[in-house]
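*Asks:* Next comes run-v5.tsv, TSV, C-alpha atoms:
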chain	number	residue	atom	x	y	z
A	151	MET	CA	92.61	73.01	67.06
A	152	ARG	CA	91.97	71.95	63.49
A	153	LEU	CA	93.57	73.94	60.69
A	154	LYS	CA	91.87	74.82	57.42
A	155	ASN	CA	94.09	74.24	54.37
A	156	ASN	CA	97.16	75.28	56.37
A	157	GLN	CA	95.74	78.81	56.53
A	158	GLY	CA	94.76	78.86	60.15
A	159	PRO	CA	92.15	77.28	62.41
A	160	LEU	CA	88.55	76.73	61.39
A	161	SER	CA	86.03	79.38	62.35
A	162	LEU	CA	83.37	78.22	64.78
A	163	SER	CA	80.66	78.30	62.09
A	164	GLU	CA	82.81	76.11	59.82
A	165	TYR	CA	83.52	73.76	62.73
A	166	LEU	CA	79.81	73.44	63.57
A	167	ASP	CA	78.90	72.87	59.91
A	168	GLU	CA	81.59	70.25	59.37
A	169	ASN	CA	81.16	68.34	62.65
A	170	PHE	CA	77.45	68.63	63.48
A	171	ILE	CA	75.24	70.05	60.75
A	172	VAL	CA	76.50	68.09	57.72
A	173	PRO	CA	76.88	64.72	59.60
A	174	SER	CA	73.32	65.06	60.93
A	175	GLY	CA	71.86	64.90	57.42
A	176	LYS	CA	69.44	67.73	58.30
A	177	THR	CA	69.00	70.91	56.30
A	178	LEU	CA	69.97	74.36	57.51
A	179	VAL	CA	66.27	75.25	57.69
A	180	TRP	CA	65.68	72.32	60.06
A	181	TRP	CA	68.58	73.44	62.29
A	182	ALA	CA	67.33	77.05	62.28
A	183	GLN	CA	63.88	75.92	63.40
A	184	LYS	CA	65.35	73.58	65.99
A	185	LEU	CA	67.39	76.40	67.52
A	186	GLY	CA	64.65	79.00	67.17
A	187	LEU	CA	66.66	81.23	64.85
A	188	ASN	CA	65.76	83.11	61.70
A	189	LYS	CA	66.63	80.84	58.77
A	190	THR	CA	68.19	83.61	56.62
A	191	PHE	CA	70.36	84.73	59.51
A	192	PHE	CA	71.34	81.14	60.30
A	193	HIS	CA	72.24	80.38	56.67
A	194	THR	CA	74.42	83.53	56.47
A	195	MET	CA	76.12	82.70	59.75
A	196	ILE	CA	77.03	79.15	58.70
A	197	ARG	CA	77.82	79.58	55.00
A	198	ALA	CA	79.48	83.01	54.97
A	199	PRO	CA	81.11	83.53	58.38
A	200	LYS	CA	82.36	87.08	58.85
A	201	GLY	CA	82.19	87.57	62.57
A	202	PRO	CA	82.00	85.79	65.90
A	203	ILE	CA	78.92	83.87	66.99
A	204	SER	CA	77.30	85.34	70.11
A	205	VAL	CA	77.37	83.46	73.41
A	206	PRO	CA	73.57	82.89	73.60
A	207	ILE	CA	73.60	81.20	70.17
A	208	ILE	CA	76.61	79.12	71.16
A	209	MET	CA	74.68	78.01	74.25
A	210	LEU	CA	71.81	76.90	72.00
A	211	PHE	CA	74.22	74.76	69.97
A	212	ALA	CA	75.78	73.42	73.16
A	213	LYS	CA	72.40	72.41	74.53
A	214	GLU	CA	71.38	70.75	71.28
A	215	THR	CA	74.66	68.89	70.69
A	216	GLY	CA	75.49	68.02	74.32
A	217	VAL	CA	78.90	69.72	74.07
A	218	ASP	CA	80.18	72.10	76.76
A	219	ALA	CA	79.71	75.66	75.49
A	220	ARG	CA	83.23	76.47	76.70
A	221	ASN	CA	84.70	74.20	74.02
A	222	PHE	CA	82.88	76.11	71.27
A	223	ILE	CA	83.87	79.52	72.72
A	224	ARG	CA	87.55	78.50	72.99
A	225	LEU	CA	87.55	77.30	69.37
A	226	GLN	CA	86.13	80.64	68.30
A	227	ASN	CA	88.65	82.58	70.41
A	228	GLU	CA	91.53	80.61	68.90
A	229	PHE	CA	90.27	81.45	65.42
A	230	LEU	CA	89.79	85.16	66.19
A	231	LEU	CA	93.13	85.41	67.99
A	232	TYR	CA	95.00	83.70	65.15
A	233	HIS	CA	93.65	86.08	62.52
A	234	TYR	CA	94.05	89.17	64.71
A	235	LEU	CA	97.74	88.38	65.23
A	236	GLU	CA	98.14	87.64	61.52
A	237	GLU	CA	96.63	90.97	60.53
A	238	ASN	CA	98.37	93.00	63.23
A	239	GLY	CA	101.73	91.27	63.33
A	240	GLY	CA	103.55	94.43	62.30
A	241	ALA	CA	102.04	96.60	65.05
A	242	ALA	CA	104.41	97.75	67.79
A	243	PRO	CA	103.75	95.67	70.93
A	244	LEU	CA	103.17	97.26	74.31
A	245	GLU	CA	105.92	97.03	76.89
A	246	LYS	CA	105.23	95.11	80.07
A	247	ILE	CA	104.16	97.40	82.90
A	248	ARG	CA	106.70	97.77	85.68
A	249	SER	CA	105.97	98.73	89.27
A	250	ARG	CA	105.48	102.46	89.80
A	251	ILE	CA	106.29	102.32	93.51
A	252	THR	CA	110.08	102.33	93.68
A	253	PRO	CA	112.48	103.00	96.56
A	254	GLU	CA	112.81	106.57	95.27
A	255	ASP	CA	109.10	107.20	95.84
A	256	SER	CA	107.49	108.29	99.07
A	257	LEU	CA	106.93	105.37	101.43
A	258	VAL	CA	103.93	107.16	102.90
A	259	LYS	CA	102.43	107.55	99.45
A	260	GLY	CA	102.96	103.91	98.53
A	261	VAL	CA	101.41	102.58	101.75
A	262	LEU	CA	98.50	105.00	101.53
A	263	LEU	CA	97.63	104.06	97.95
A	264	ASN	CA	98.21	100.30	98.09
A	265	LYS	CA	97.15	99.49	101.65
A	266	PHE	CA	94.29	101.93	102.15
A	267	LEU	CA	92.83	103.95	99.27
A	268	ARG	CA	92.72	101.28	96.57
A	269	PRO	CA	91.41	98.46	98.80
A	270	MET	CA	88.82	100.90	100.22
A	271	ASN	CA	87.84	102.22	96.74
A	272	ILE	CA	88.52	105.76	97.96
A	273	GLU	CA	89.77	108.52	95.67
A	274	GLN	CA	92.45	110.94	96.87
A	275	LYS	CA	90.20	113.97	96.38
A	276	GLN	CA	87.67	112.45	98.77
A	277	LEU	CA	90.42	111.86	101.32
A	278	ILE	CA	91.63	115.46	100.97
A	279	THR	CA	88.11	116.70	101.68
A	280	GLN	CA	87.78	114.35	104.66
A	281	MET	CA	91.13	115.47	106.10
A	282	LYS	CA	90.15	119.17	105.79
A	283	VAL	CA	93.45	120.06	104.18
A	284	ASN	CA	94.10	122.01	100.99
A	285	LYS	CA	95.32	120.16	97.91
A	286	HIS	CA	98.59	122.12	97.76
A	287	ASP	CA	99.71	121.01	101.24
A	288	TYR	CA	98.59	117.44	100.56
A	289	THR	CA	100.57	117.31	97.27
A	290	ASN	CA	103.69	118.81	98.82
A	291	PHE	CA	103.62	116.29	101.66
A	292	PHE	CA	103.38	113.23	99.41
A	293	ASN	CA	106.02	114.53	97.02
A	294	LEU	CA	108.48	114.80	99.94
A	295	ARG	CA	108.36	118.59	99.92
A	296	HIS	CA	107.45	118.79	103.61
A	297	ALA	CA	109.30	119.99	106.68
A	298	TYR	CA	110.93	117.39	108.90
A	299	LEU	CA	108.29	115.70	111.07
A	300	ASN	CA	105.27	117.75	110.16
A	301	TYR	CA	102.79	116.07	112.49
A	302	ASP	CA	99.72	117.86	111.08
A	303	ILE	CA	99.23	115.80	107.89
A	304	PRO	CA	100.04	112.43	109.56
A	305	GLY	CA	97.65	113.33	112.35
A	306	ARG	CA	94.85	114.13	109.95
A	307	LEU	CA	95.54	110.92	108.04
A	308	GLY	CA	95.36	108.95	111.28
A	309	GLU	CA	92.00	110.51	112.13
A	310	ALA	CA	90.51	109.98	108.64
A	311	LEU	CA	91.69	106.38	108.29
A	312	GLY	CA	91.41	105.31	111.93
A	313	THR	CA	95.07	104.34	112.34
A	314	GLY	CA	96.26	107.00	114.74
A	315	ALA	CA	98.93	109.58	113.95
A	316	LYS	CA	101.97	107.54	115.00
A	317	PHE	CA	101.58	105.01	112.19
A	318	TRP	CA	101.98	107.76	109.59
A	319	LEU	CA	104.60	109.63	111.60
A	320	ASP	CA	106.76	106.50	111.60
A	321	LEU	CA	106.44	106.16	107.82
A	322	GLN	CA	107.15	109.86	107.34
A	323	THR	CA	110.20	109.59	109.58
A	324	LYS	CA	111.54	106.78	107.41
A	325	ASP	CA	111.06	108.92	104.28
A	326	ASP	CA	112.85	111.86	105.90
A	327	LEU	CA	115.53	109.62	107.35
A	328	ASP	CA	116.37	108.09	103.97
A	329	PHE	CA	116.65	111.56	102.47
A	330	TYR	CA	118.93	112.71	105.33
A	331	VAL	CA	121.18	109.64	105.12
A	332	LYS	CA	121.46	110.06	101.36
A	333	ASN	CA	123.02	113.47	101.95
A	334	ASN	CA	124.90	112.41	105.12
A	335	PRO	CA	126.11	108.85	104.44
A	336	ALA	CA	128.44	108.83	107.47
A	337	ALA	CA	125.39	108.94	109.76
A	338	ALA	CA	123.80	105.81	108.22
A	339	LYS	CA	125.19	103.39	110.83
A	340	TYR	CA	123.71	105.46	113.67
A	341	LEU	CA	120.29	106.09	112.12
A	342	VAL	CA	118.62	102.70	111.66
A	343	PHE	CA	114.82	102.75	111.81
A	344	GLU	CA	112.31	100.43	110.12
A	345	PRO	CA	108.64	101.27	110.69
A	346	SER	CA	105.87	98.70	110.48
A	347	HIS	CA	103.72	98.84	107.36
A	348	HIS	CA	100.78	97.33	109.28
A	349	PHE	CA	99.11	99.46	111.88
A	350	VAL	CA	97.85	98.05	115.17
A	351	PRO	CA	95.06	100.15	116.74
A	352	THR	CA	96.11	101.38	120.17
A	353	GLU	CA	93.92	102.45	123.04
A	354	SER	CA	93.90	106.17	123.77
A	355	ASN	CA	96.23	107.05	126.62
A	356	SER	CA	95.30	110.05	128.73
A	357	THR	CA	98.82	110.25	130.15
A	358	THR	CA	100.94	112.81	128.36
A	359	PRO	CA	104.15	111.14	127.17
A	360	GLU	CA	107.41	112.82	127.96
A	361	SER	CA	109.25	114.58	125.20
A	362	PRO	CA	112.42	112.78	124.06
A	363	GLY	CA	114.46	115.76	125.30
A	364	SER	CA	113.00	115.43	128.79
A	365	VAL	CA	113.76	111.68	128.82
A	366	ALA	CA	117.32	112.34	127.69
A	367	GLU	CA	117.80	114.96	130.40
A	368	THR	CA	116.31	113.05	133.35
A	369	GLN	CA	117.59	109.56	132.50
A	370	PHE	CA	120.98	110.26	130.93
A	371	LEU	CA	122.31	113.83	131.09
A	372	LYS	CA	121.74	114.69	134.76
A	373	PRO	CA	122.89	111.26	136.10
A	374	SER	CA	126.14	111.73	134.13
A	375	LYS	CA	127.12	114.64	136.47
A	376	ILE	CA	128.30	116.57	133.40
A	377	ALA	CA	127.09	120.16	133.11
A	378	LEU	CA	124.45	120.78	130.42
A	379	HIS	CA	126.55	123.43	128.69
A	380	HIS	CA	129.26	120.80	128.18
A	381	TRP	CA	126.66	118.45	126.68
A	382	ALA	CA	125.56	121.32	124.43
A	383	ASP	CA	129.15	121.60	123.18
A	384	PHE	CA	129.22	117.82	122.59
A	385	PHE	CA	126.03	118.04	120.51
A	386	CYS	CA	127.44	121.04	118.61
A	387	MET	CA	124.55	123.26	119.67
A	388	SER	CA	124.23	126.57	121.46
A	389	TYR	CA	123.11	126.24	125.06
A	390	GLU	CA	119.79	128.02	124.33
A	391	THR	CA	118.97	125.74	121.38
A	392	PHE	CA	119.93	122.70	123.44
A	393	GLN	CA	117.63	123.82	126.27
A	394	ARG	CA	114.69	124.22	123.88
A	395	ALA	CA	115.24	120.66	122.60
A	396	LEU	CA	115.33	119.29	126.17
A	397	GLU	CA	112.13	121.13	127.11
A	398	GLY	CA	110.29	119.87	124.02
A	399	ARG	CA	109.99	123.30	122.42
A	400	ASN	CA	112.23	122.13	119.56
A	401	LEU	CA	112.07	118.67	118.00
A	402	MET	CA	115.11	116.46	117.79
A	403	ASP	CA	116.60	116.45	114.31
A	404	PHE	CA	118.50	113.49	112.86
A	405	ARG	CA	121.89	115.01	113.64
A	406	LEU	CA	120.99	115.27	117.34
A	407	ILE	CA	119.55	111.74	117.35
A	408	SER	CA	122.72	110.33	115.76
A	409	LEU	CA	124.80	112.02	118.50
A	410	LEU	CA	122.51	110.61	121.20
A	411	VAL	CA	123.08	107.15	119.71
A	412	LYS	CA	126.82	107.75	119.93
A	413	ALA	CA	126.67	109.02	123.49
A	414	PHE	CA	124.29	106.48	125.02
A	415	ASP	CA	123.68	102.77	124.49
A	416	LEU	CA	120.28	103.13	122.83
A	417	PRO	CA	119.38	102.77	119.11
A	418	ALA	CA	117.94	105.55	116.98
A	419	SER	CA	114.55	103.78	116.94
A	420	HIS	CA	114.23	104.39	120.70
A	421	TRP	CA	114.47	108.17	120.31
A	422	ILE	CA	112.34	108.22	117.15
A	423	ASN	CA	109.56	106.24	118.83
A	424	LEU	CA	109.63	108.57	121.85
A	425	GLN	CA	109.37	111.60	119.62
A	426	ASN	CA	106.60	110.22	117.42
A	427	GLU	CA	104.54	109.15	120.44
A	428	TYR	CA	104.99	112.67	121.80
A	429	LEU	CA	103.91	114.24	118.48
A	430	ALA	CA	100.92	111.90	118.10
A	431	HIS	CA	99.69	112.90	121.56
A	432	LYS	CA	100.39	116.56	120.75
A	433	PHE	CA	98.09	116.31	117.71
A	434	LEU	CA	95.31	114.67	119.73
A	435	THR	CA	95.39	117.27	122.48
A	436	GLU	CA	95.94	120.38	120.39
A	437	ASP	CA	94.28	119.76	117.01
A	438	SER	CA	92.07	116.67	116.92
A	439	LEU	CA	89.03	118.03	118.78
A	440	ARG	CA	89.28	121.38	117.01
A	441	LEU	CA	89.42	119.84	113.51
A	442	GLN	CA	86.74	117.18	114.14
A	443	ILE	CA	87.83	114.92	111.29
A	444	ASN	CA	85.43	112.01	110.79
A	445	ARG	CA	86.67	108.57	109.89
A	446	ILE	CA	86.29	107.83	106.20
A	447	VAL	CA	83.96	104.96	105.25
A	448	PRO	CA	85.21	102.43	102.65
A	449	LYS	CA	83.15	102.07	99.49
A	450	ILE	CA	82.45	98.37	99.62
A	451	ASN	CA	80.38	97.36	96.60
A	452	PRO	CA	81.21	93.80	95.48
A	453	SER	CA	78.76	94.01	92.57
A	454	LYS	CA	80.64	96.95	91.06
A	455	ARG	CA	83.39	94.74	89.65
A	456	THR	CA	83.07	91.57	87.67
A	457	ARG	CA	85.15	88.57	88.66
A	458	LEU	CA	87.42	89.40	85.75
A	459	GLY	CA	87.67	92.99	87.01
A	460	SER	CA	88.54	91.81	90.51
A	461	ILE	CA	91.30	89.56	89.18
A	462	LEU	CA	92.63	92.40	87.03
A	463	CYS	CA	92.69	94.87	89.94
A	464	GLU	CA	93.63	92.66	92.88
A	465	GLU	CA	96.11	90.23	91.29
A	466	HIS	CA	97.70	92.35	88.57
A	467	LEU	CA	97.28	96.12	88.94
A	468	ARG	CA	97.42	96.68	92.70
A	469	PRO	CA	100.79	94.89	93.20
A	470	LEU	CA	102.18	97.17	90.48
A	471	GLY	CA	100.74	100.33	92.02
A	472	ILE	CA	98.62	101.00	88.90
A	473	THR	CA	95.01	102.22	88.92
A	474	VAL	CA	92.46	100.97	86.39
A	475	THR	CA	92.31	104.48	84.92
A	476	GLU	CA	96.07	104.55	84.39
A	477	PHE	CA	95.94	101.05	82.95
A	478	GLY	CA	93.20	102.00	80.50
A	479	LYS	CA	95.29	104.90	79.20
A	480	TYR	CA	98.41	102.73	79.02
A	481	ILE	CA	96.79	100.18	76.72
A	482	GLY	CA	95.49	102.92	74.45
A	483	GLY	CA	91.91	103.20	75.63
A	484	THR	CA	89.76	106.19	76.55
A	485	LYS	CA	89.80	107.91	79.93
A	486	ASN	CA	87.32	105.42	81.43
A	487	GLN	CA	88.29	102.37	79.37
A	488	GLY	CA	90.01	100.54	82.24
A	489	LEU	CA	87.08	101.17	84.56
A	490	HIS	CA	84.58	99.95	81.96
A	491	LEU	CA	86.57	96.76	81.40
A	492	ALA	CA	86.85	96.13	85.16
A	493	THR	CA	83.14	96.67	85.80
A	494	GLY	CA	81.91	94.67	82.80
A	495	HIS	CA	80.53	97.63	80.84
A	496	ASP	CA	82.93	96.67	78.04
A	497	ARG	CA	83.90	93.15	77.03
A	498	ILE	CA	87.49	91.99	76.62
A	499	GLY	CA	87.67	90.93	73.01
A	500	VAL	CA	90.69	89.63	71.14
A	501	GLU	CA	92.28	93.06	70.71
A	502	TRP	CA	92.05	93.92	74.40
A	503	ALA	CA	93.19	90.44	75.40
A	504	VAL	CA	96.37	90.89	73.35
A	505	LYS	CA	97.03	94.30	74.92
A	506	PHE	CA	96.37	92.90	78.41
A	507	SER	CA	98.80	90.05	77.77
A	508	GLN	CA	101.55	92.31	76.46
A	509	SER	CA	101.31	94.83	79.30
A	510	LEU	CA	100.79	92.37	82.17
A	511	GLY	CA	102.92	89.42	81.03
A	512	THR	CA	100.10	86.89	80.60
A	513	THR	CA	98.65	85.09	77.56
A	514	PRO	CA	95.69	86.42	75.54
A	515	MET	CA	93.75	83.20	76.14
A	516	TYR	CA	93.98	83.77	79.91
A	517	TRP	CA	91.81	86.89	79.57
A	518	LEU	CA	89.58	85.42	76.88
A	519	ASP	CA	88.83	82.45	79.14
A	520	LEU	CA	87.95	84.81	82.01
A	521	GLN	CA	85.68	86.79	79.69
A	522	MET	CA	84.10	83.52	78.53
A	523	GLU	CA	83.14	82.65	82.10
A	524	GLU	CA	81.65	86.13	82.54
A	525	ASP	CA	79.63	85.80	79.34
A	526	LEU	CA	78.32	82.37	80.27
A	527	SER	CA	77.28	83.42	83.77
A	528	ILE	CA	75.56	86.59	82.54
A	529	THR	CA	73.73	84.75	79.77
A	530	ARG	CA	72.48	82.10	82.19
A	531	LEU	CA	71.25	84.76	84.63
A	532	GLU	CA	69.57	87.01	82.11
A	533	ILE	CA	67.91	84.54	79.73
A	534	PRO	CA	67.86	81.09	81.35
A	535	HIS	CA	64.61	79.84	79.77
A	536	LYS	CA	63.63	82.41	77.13
A	537	VAL	CA	66.72	82.39	74.94
A	538	THR	CA	64.94	80.71	71.98
A	539	THR	CA	61.97	83.05	72.04
A	540	LEU	CA	64.22	86.07	72.45
A	541	PHE	CA	66.31	85.29	69.40
A	542	ARG	CA	63.33	84.32	67.26
A	543	CYS	CA	61.70	87.70	67.99
A	544	LYS	CA	64.86	89.73	67.43
A	545	LEU	CA	65.99	88.02	64.25
A	546	THR	CA	62.67	87.91	62.40
A	547	THR	CA	61.90	91.63	62.75
How does this structure look as structure tokens?
*Replies:*
Amino acid sequence: MRLKNNQGPLSLSEYLDENFIVPSGKTLVWWAQKLGLNKTFFHTMIRAPKGPISVPIIMLFAKETGVDARNFIRLQNEFLLYHYLEENGGAAPLEKIRSRITPEDSLVKGVLLNKFLRPMNIEQKQLITQMKVNKHDYTNFFNLRHAYLNYDIPGRLGEALGTGAKFWLDLQTKDDLDFYVKNNPAAAKYLVFEPSHHFVPTESNSTTPESPGSVAETQFLKPSKIALHHWADFFCMSYETFQRALEGRNLMDFRLISLLVKAFDLPASHWINLQNEYLAHKFLTEDSLRLQINRIVPKINPSKRTRLGSILCEEHLRPLGITVTEFGKYIGGTKNQGLHLATGHDRIGVEWAVKFSQSLGTTPMYWLDLQMEEDLSITRLEIPHKVTTLFRCKLTT
């Protein structure tokens, strides 16, 4: 980068004039005709530079001089970036974005957003419609304001996303379990359960699984030769409530599961898996056919995002749990600013590059180089052979 009188780098027009136009010995009129540009416009651009030179014109210079257009664009970006930072040095910088998905958030919500909806380009309102559930119930569930092991929402999610109910029941159980252990820390050593975050499609099983209460009764309680009312006392339950749990009319809560872990040599995950398999089957047999929820189809449209937009979304925003809409608002844009930048409707200039770098922990030139590649590819596709004629017509009118 060459500096001009210790006041910053040369502008691209000054660089072209000093290194190509003046050494050639040709007049500005000759260069304007050679490039197919209006001579008045060309003279103003070279002698009184006030703004950036467009990519198509840079490509004309690159073709004529044999220099890679990227070198010219980088020189111009360095000049624009230098002066933008000089003029806006006193502005308050943006803070780097931190991850929104924290251990305090719903595990179900985090997996749903980051593993399914965002990769599938599906909005939550579309999922709510597909699941045939009202927004109030949906919001309550994902804000952890749901009853323990509500199998209805996980079942509907499993139908809409093709994962099966148990995948979401396991995640929900972990959310509920963490909340229970937080309020009952003494039970933590008995209630260890880690669900998989990756679902494996399972074949439908026509055999009705036994309820965890029935398994406990037939495999452990009766062989012990201890009367059930004594076991009820051990589990600190009335005999009637205990019977309902054994018959599957009541679900096992975490307190009962922790006592089962104490009484028998089986981990909490064994009883949780039994119960969630039972609930998943219960949804299929009692609700699935009645609701008739169709599997949601991903919106796969590779042309919707530019390469820059894909890098922004896939490598930077998704790991943070941030949508492009949220990102656009964060950097001070309009409601759809992030979407427009990701889809190429708006360019990333120097100002946006600085905001991107501050909020995402990169450098401004990283985004300017990505935008440069977008500009070059678009220019080559749109005007590969008619660039000279196009600019002559536009600039002489």
*Asks:* Which one of A:Lys316, A:Ser527, A:Leu210, A:Phe170 sits closest to Gln183 of chain A if you count only C-alpha atoms?
*Replies:*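 The answer is A:Leu210, which sits nearest to Gln183 of chain A.
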*Asks:* What's the separation between atom CA of Phe433 of chain A and atom CA of Phe385 of chain A, in Å to one decimal place?
*Replies:* 28.1 Å
*Asks:* Extract, using all atoms listed in the file, all DNA, RNA and protein residues at most 12 Å from Leu489 of chain A, discarding same-chain residues fewer than 2 positions from it, and format them as a list in words.
*Replies:*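 Listed by chain and then number, they are Lys454, Arg455, Thr456, Leu458, Gly459, Ser460, Leu462, Cys463, Thr473, Val474, Thr475, Glu476, Phe477, Gly478, Lys479, Gly483, Thr484, Lys485, Asn486, Gln487, Leu491, Ala492, Thr493, Gly494, His495, Asp496 and Arg497 of chain A.
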*Asks:* Take the residues that were just selected and, keeping C-alpha atoms, output them as a compact mmCIF listing (two decimals), in the frame of the given file.
*Replies:*
# COMPACT_ATOMS: atom_id res chain seq x y z
CA LYS A 454 80.64 96.95 91.06
CA ARG A 455 83.39 94.74 89.65
CA THR A 456 83.07 91.57 87.67
CA LEU A 458 87.42 89.40 85.75
CA GLY A 459 87.67 92.99 87.01
CA SER A 460 88.54 91.81 90.51
CA LEU A 462 92.63 92.40 87.03
CA CYS A 463 92.69 94.87 89.94
CA THR A 473 95.01 102.22 88.92
CA VAL A 474 92.46 100.97 86.39
CA THR A 475 92.31 104.48 84.92
CA GLU A 476 96.07 104.55 84.39
CA PHE A 477 95.94 101.05 82.95
CA GLY A 478 93.20 102.00 80.50
CA LYS A 479 95.29 104.90 79.20
CA GLY A 483 91.91 103.20 75.63
CA THR A 484 89.76 106.19 76.55
CA LYS A 485 89.80 107.91 79.93
CA ASN A 486 87.32 105.42 81.43
CA GLN A 487 88.29 102.37 79.37
CA LEU A 491 86.57 96.76 81.40
CA ALA A 492 86.85 96.13 85.16
CA THR A 493 83.14 96.67 85.80
CA GLY A 494 81.91 94.67 82.80
CA HIS A 495 80.53 97.63 80.84
CA ASP A 496 82.93 96.67 78.04
CA ARG A 497 83.90 93.15 77.03
*Asks:* Within 10 Å of Gly201 of chain A, counting only C-alpha atoms, which residues qualify if same-chain residues fewer than 3 places away don't, as an MDAnalysis selection string?
*Replies:* chainID A and resid 161:163 195 198 204 226 230
*Asks:* If we count all atoms listed in the file, what is near Leu311 of chain A at a cut-off of 7 Å, once residues fewer than 3 positions away on the same chain are taken out, given as number ranges by chain?
*Replies:* A: 307-308, 445-446
*Asks:* What does the distance from atom CA of Trp421 of chain A to atom CA of Pro362 of chain A come to in Å, to one decimal?
*Replies:*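 Answer for the atom CA of Trp421 of chain A to atom CA of Pro362 of chain A separation: 6.3 Å.
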*Asks:* Just want the 10 Å neighbourhood of segment 269-286 of chain A, counted on all atoms listed in the file, with same-chain residues fewer than 3 positions away dropped. Output as a PyMOL selection string.
*Replies:* chain A and resi 262-266+289-291+302-303+305-311+441-451+463-464+468
*Asks:* Name all residues at most 12 Å from Asn221 of chain A (count all atoms listed in the file; drop same-chain ones fewer than 2 positions away) and give them as number ranges by chain.
*Replies:* A: 151, 162, 165-166, 205, 208-209, 211-212, 215-219, 223-228, 519, 522-523
*Asks:* Please compute the atom CA of Gln369 of chain A-atom CA of Leu434 of chain A distance, one decimal, in Å.
*Replies:* 26.2 Å
*Asks:* Name the residues within 10 Å of (118.7, 115.1, 108.7), counting only C-alpha atoms in the file's coordinates, and put them as a short mmCIF file (atom, residue, chain, number, x, y, z; two decimals) with C-alpha atoms, in the coordinates of the input.
*Replies:*
data_model
loop_
_atom_site.label_atom_id
_atom_site.label_comp_id
_atom_site.auth_asym_id
_atom_site.auth_seq_id
_atom_site.Cartn_x
_atom_site.Cartn_y
_atom_site.Cartn_z
CA TYR A 298 110.93 117.39 108.90
CA ASP A 326 112.85 111.86 105.90
CA LEU A 327 115.53 109.62 107.35
CA ASP A 328 116.37 108.09 103.97
CA PHE A 329 116.65 111.56 102.47
CA TYR A 330 118.93 112.71 105.33
CA VAL A 331 121.18 109.64 105.12
CA LYS A 332 121.46 110.06 101.36
CA ASN A 333 123.02 113.47 101.95
CA ASN A 334 124.90 112.41 105.12
CA ALA A 337 125.39 108.94 109.76
CA LEU A 341 120.29 106.09 112.12
CA MET A 402 115.11 116.46 117.79
CA ASP A 403 116.60 116.45 114.31
CA PHE A 404 118.50 113.49 112.86
CA ARG A 405 121.89 115.01 113.64
CA LEU A 406 120.99 115.27 117.34
CA ILE A 407 119.55 111.74 117.35
CA SER A 408 122.72 110.33 115.76
#
*Asks:* With distances taken over all atoms listed in the file, which of A:Glu236, A:Glu427, A:Asp383, A:Glu168 is nearest to Asp320 of chain A?
*Replies:* A:Glu427
*Asks:* A:Ile376, A:Ala315, A:Val179, A:Leu409: which is nearest Ser438 of chain A, counting only C-alpha atoms?
*Replies:*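 Checking each candidate against Ser438 of chain A, we get A:Ala315 as the closest.
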*Asks:* Taking into account all atoms listed in the file, which residue in the set A:Ala366, A:Ile481, A:Leu378, A:Ile203 is nearest to Lys246 of chain A?
*Replies:*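 Ranking A:Ala366, A:Ile481, A:Leu378, A:Ile203 by distance to Lys246 of chain A, first place goes to A:Ile481.
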*Asks:* Just checking: using only C-alpha atoms, which residue out of A:Val365, A:Val172, A:Met515, A:Ile472 ends up closest to Glu397 of chain A?
*Replies:*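 Closest to Glu397 of chain A, using only C-alpha atoms: A:Val365.
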*Asks:* Between A:Val504, A:Leu319, A:Leu518, A:Met387, single out the one closest to Gln425 of chain A, counting all atoms listed in the file.
*Replies:*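 Selected residue with least distance to Gln425 of chain A: A:Leu319.
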